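In what follows, a structure is listed as structure tokens, so that the remarks can point back to it.
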Number of protein chains: 4
Amino acid sequence: MSRAAGDSPTRIQREKTQAILDAALELFSAQGFHGATLDAIAEAAGLSKPNLLYYFPSKEAIHRALLEALLDRWLDPLRQLDPAGEPLAEIAGYVLRKLEMARDHPRESRLFAQEVMQGAPRIGDVLAGPLKALVDEKAAVIAGWARAGKIAKVDPRHLIFSIWAATQHYADFDAQVRAVLGADHEGRFHDAARTLRTLFVEGLRPR
Amino acid sequence: MSRAAGDSPTRIQREKTQAILDAALELFSAQGFHGATLDAIAEAAGLSKPNLLYYFPSKEAIHRALLEALLDRWLDPLRQLDPAGEPLAEIAGYVLRKLEMARDHPRESRLFAQEVMQGAPRIGDVLAGPLKALVDEKAAVIAGWARAGKIAKVDPRHLIFSIWAATQHYADFDAQVRAVLGADHEGRFHDAARTLRTLFVEGLRPR
Amino acid sequence: MSRAAGDSPTRIQREKTQAILDAALELFSAQGFHGATLDAIAEAAGLSKPNLLYYFPSKEAIHRALLEALLDRWLDPLRQLDPAGEPLAEIAGYVLRKLEMARDHPRESRLFAQEVMQGAPRIGDVLAGPLKALVDEKAAVIAGWARAGKIAKVDPRHLIFSIWAATQHYADFDAQVRAVLGADHEGRFHDAARTLRTLFVEGLRPR
Amino acid sequence: MSRAAGDSPTRIQREKTQAILDAALELFSAQGFHGATLDAIAEAAGLSKPNLLYYFPSKEAIHRALLEALLDRWLDPLRQLDPAGEPLAEIAGYVLRKLEMARDHPRESRLFAQEVMQGAPRIGDVLAGPLKALVDEKAAVIAGWARAGKIAKVDPRHLIFSIWAATQHYADFDAQVRAVLGADHEGRFHDAARTLRTLFVEGLRPR
DNA sequence: TATGAATGAGAATTCATTCAT
DNA sequence: GATGAATGAATTCTCATTCAT
């Protein structure tokens, strides 16, 4: 039997579980759910297939575990948006944090993107629940800033979409970004940060 | 073998080919290459599986045909960016055309996105070739506008990335957009257009 | 309906039938019954697959037709063995005729060989009937020669097997013969003829 | 993946592998590569089809394994031809060993024959390499005997072909041999041995 | 006669999962 | 915990044959 609910996992259990999740993230994000095979994940994780299934009951379960871990972190940057902060600086900070997320966790970003692109069958309720709630909350903050004339009048939720899109693009469409930039891609996150700062800060500066 | 290279396809060929491509686009864009099965495509197209394979020699070939047809159109909006036009209006127009593309061809957008996200194994050369060439050309135009003080100074290629990202988001992340907007999603393209116009036009307005 | 029994085939019918048989012989002899496809035969014969099946009702039927035509000729060399001739010369002549057969009709030889090797499912009755009868007849002749001291005492039927084997080898095992002889294979039938003459004539010369 | 390269196979692996090879030899030799199905092989070997493919990665791989094992043994009789032996006895011995090979390993013989007959696509290099080398070597020995007047002057390589052909005939054309001999086929190898001894020994005796 | 179109019955292979040890 | 072995259910693709015109 796999580890019972109450047991605290041993070190070895934690390590293997982590190795599996890591391998699975690599493969799911690169090939999609159906494109990744348990064989490949097991090999990448350095275990036998049955052993892998000792730690997770099914392929589906691994995928679910990855998405859950992901969603935990995914909203952190937005959560940190401080209603009491200076509006343009807050937004600039949020953009930057999100861009760093794309830079540091591209596989998670692609995993999430593929899931959403396929209609979010597994995380639809999270999107409509906690995610929507957080967006609503922060959108209200932004709307407040706009009403107060601190930033330009924009639809705050679409503003958030744009920030998501523009930053995650560097993770999700990495192959395209590299192809287009050619040799210049080394400094791409730096250049992106400057460009996005201009767009969002100047674009939102009240006039 | 089905139609020889030189023959012009008969009506029935055109119809069935189109039905297959349509069904395949639906399924590939929703489930990815591996998630979509020939069975499902054949059923959606209203043909038997062997009959489907009478028109296309393999699953791979269908996918390739879709990508090729897609790439043909994909760059049209950018191509229309007029070096002789009024800079901010040109950019606003481009954003709008791209947004309409996302609205009218979301499946194509998702197909493209999944391909790129998986490393662009099949269209890598197009990205590094024709796509890069077009971007370089238009980036030079935009850079010229910036030097002339017609728009703010931004990295033109990253600007293009942002436009791509922000517009395609409404196709690729449709499930998320709907979940977050809830009942308000009906007018999402209209609201998005206004928001993006503000961001890109005001964000780029020289000061 | 295909041509009724009584009709004499038109020229075009004869030509197409022949083209089909020729293409089928090529492919069956090279790939075996299962390895050859109707597609390939039709293409080699220059017709469409349905048209091919207008002339022959099935793949099986083509194969059968080939074997029948083949068996007709196959025994000719042995039939010509003349009981009244000079024994050693008769045998030498038979060997030579059989070798020429291998040289001039290698595909037929291979078709026959493959059929026999697979247990002769389609021509078993011919082997046990007409073929056995002819061999028995000629074996009696040879046995008579041996009894009369005109040739050495050998089992006449095994002698016939050896002649078959040694000559057909140049058709059936052509690939091996060429590989072993390398550049010298051009004159292989000439060299084979001399070698076989020595073996069979000297080997059978009474002493 | 099944057994890694370095591991020594377990008992069960050896047994199942052997059962598969045995069943495959039976079917490939009787039906040809395309005529034999994995289904049939699996059933004959007493395994499920996927289990069979656990031991060999593909149908092709099974076939290749059979041919490789075969080639190993195939040349043994010729290798034993002793340059220092008494020429006629050596040749008689070789003929006999080869005939025993046909008697004891008819399926291997037919497998080899079918492969060569189809143009030796998989073993062409072995024929042109090791096989040719061995034949060249032994042909030189035989040529030496002929020059020394120990045997009649014949082309040694064609002599070898004749020996191959005449002996393998009893394996490859078994169906025909049985049909022709009828009830007498029981002693066929004995009778063949006598006949071939006469042909090759007397045929080669110097005069 | 001829052929474009269609299909049912396989055939090889893959893969998530289970079994036995 | 770990793994070699096994398998049922697909999944892609092939092929002889038939249909409709």
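Residues in the structure tokens are numbered from 1 in each chain, the chains being A, B, ... in the order shown, and ligands are numbered from 1 in the order shown.
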Inset, instruction - Identify every residue of chain D that has at least one atom within 9 Å of any atom of chain F, counting only C-alpha atoms (C1' of nucleotides), and report the result as a ChimeraX atom specification. - result: /D:2,48-51,54
Export of prior selection with C-alpha atoms as a PDB file, in the first residue's frame:
ATOM      1  CA  SER D   2      13.324  -5.591 -21.403  1.00  0.00           C
ATOM      2  CA  SER D  48       0.013 -12.702 -25.524  1.00  0.00           C
ATOM      3  CA  LYS D  49       1.008 -10.394 -28.311  1.00  0.00           C
ATOM      4  CA  PRO D  50       2.092  -7.546 -26.055  1.00  0.00           C
ATOM      5  CA  ASN D  51       4.088  -9.968 -23.984  1.00  0.00           C
ATOM      6  CA  TYR D  54       8.071  -7.255 -24.366  1.00  0.00           C
TER       7      TYR D  54
END
Inset, instruction - Pick out the residues sitting within 9 Å of Lys153 in chain B, and hand them over as a ChimeraX atom specification; count only C-alpha atoms (C1' of nucleotides), and ignore anything fewer than 3 positions along from it in its own chain. - result: /A:195,198 /B:143,145-147,149,156,204,206
Would you mind exporting the chosen residues as a compact mmCIF listing (two decimals), in the first residue's frame, restricted to N, CA and C atoms?
# COMPACT_ATOMS: atom_id res chain seq x y z
N THR A 195 10.61 47.01 -21.95
CA THR A 195 9.50 47.26 -22.86
C THR A 195 8.17 47.22 -22.12
N THR A 198 7.58 50.26 -19.95
CA THR A 198 7.11 51.39 -20.75
C THR A 198 5.63 51.26 -21.06
N ALA B 143 11.20 50.93 -35.34
CA ALA B 143 12.39 51.58 -34.79
C ALA B 143 12.56 52.96 -35.45
N TRP B 145 10.17 54.86 -36.57
CA TRP B 145 9.17 55.74 -35.95
C TRP B 145 9.69 56.26 -34.59
N ALA B 146 10.29 55.35 -33.86
CA ALA B 146 10.78 55.74 -32.54
C ALA B 146 11.91 56.76 -32.67
N ARG B 147 12.82 56.52 -33.58
CA ARG B 147 13.93 57.46 -33.77
C ARG B 147 13.42 58.83 -34.20
N GLY B 149 10.83 60.12 -33.25
CA GLY B 149 10.05 60.74 -32.18
C GLY B 149 8.56 60.60 -32.37
N PRO B 156 11.34 47.29 -30.50
CA PRO B 156 10.19 47.00 -31.38
C PRO B 156 9.83 45.51 -31.42
N LEU B 204 2.56 54.07 -25.97
CA LEU B 204 3.58 54.39 -26.98
C LEU B 204 3.58 55.86 -27.38
N PRO B 206 4.44 59.39 -27.74
CA PRO B 206 5.70 60.04 -27.35
C PRO B 206 5.42 61.17 -26.37
Inset, instruction - Please determine the contact residues of chain E with respect to chain B at a cut-off of 10 Å, counting only C-alpha atoms (C1' of nucleotides), and supply them as an MDAnalysis selection string. - result: chainID E and resid 4:8
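Going from CA of Leu21 in chain A over to C1' of DC15 in chain E, you cover 19.6 Å.
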Which residues are near Leu71 in chain D? Cut-off 9 Å, only C-alpha atoms (C1' of nucleotides), ignore same chain within fewer than 6 positions. Put them as a PDB file with C-alpha atoms, in the first residue's frame.
ATOM      1  CA  PHE D 112      17.555 -18.589 -45.305  1.00  0.00           C
ATOM      2  CA  ILE D 123      21.808 -10.292 -45.021  1.00  0.00           C
ATOM      3  CA  VAL D 126      26.939 -11.043 -44.741  1.00  0.00           C
TER       4      VAL D 126
END
Considering only C-alpha atoms, tabulate each residue of chain A that lies at most 6 Å from chain B along with its nearest interatomic pair and the corresponding distance in Å to one decimal; arrange the rows by chain and ascending residue number and present them as a tab-separated table.
residue	atom	partner	partner_atom	distance
A:Ala30	CA	B:Gln118	CA	4.9
A:Gln31	CA	B:Gln118	CA	5.8
A:His34	CA	B:Gly35	CA	5.2
A:Gly35	CA	B:His34	CA	5.3
A:Val116	CA	B:Phe173	CA	5.9
A:Met117	CA	B:Asp172	CA	5.4
A:Gln118	CA	B:Ala30	CA	4.8
A:Gly119	CA	B:Ala175	CA	5.4
A:Leu127	CA	B:Ala179	CA	5.8
A:Ala128	CA	B:Ala179	CA	4.7
A:Lys132	CA	B:Val180	CA	4.6
A:Val154	CA	B:Thr195	CA	5.5
A:His158	CA	B:Ala192	CA	6.0
A:Ser162	CA	B:Ala166	CA	5.0
A:Ala165	CA	B:Ala165	CA	5.1
A:Ala166	CA	B:Ser162	CA	5.0
A:His169	CA	B:Ala165	CA	5.9
A:Asp172	CA	B:Met117	CA	5.5
A:Phe173	CA	B:Met117	CA	5.7
A:Ala175	CA	B:Gly119	CA	5.4
A:Ala179	CA	B:Ala128	CA	4.7
A:Val180	CA	B:Lys132	CA	4.6
A:Ala192	CA	B:His158	CA	6.0
A:Thr195	CA	B:Val154	CA	5.5
A:Leu199	CA	B:Gly203	CA	4.5
A:Glu202	CA	B:Gly203	CA	4.7
A:Gly203	CA	B:Gly203	CA	3.3
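For the pair CA of Lys98 in chain D and CA of His185 in chain C, the separation is 24.2 Å.
For the choices D:Pro87, D:Gly144, D:Ser58, D:Asp76, the atom-to-atom distance to DT14 in chain E is smallest for D:Ser58 when using only C-alpha atoms (C1' of nucleotides).
When CA of Leu53 in chain D is paired with CA of Thr37 in chain D, their separation reads 12.5 Å.
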Inset, instruction - From the DSSP assignment of the backbone, select every residue of range 17-174 of chain C that is alpha helix (DSSP H), and format the answer as number ranges by chain. - result: C: 17-35, 38-45, 49-55, 59-74, 76-79, 87-104, 106-117, 124-126, 132-147, 156-172, 174
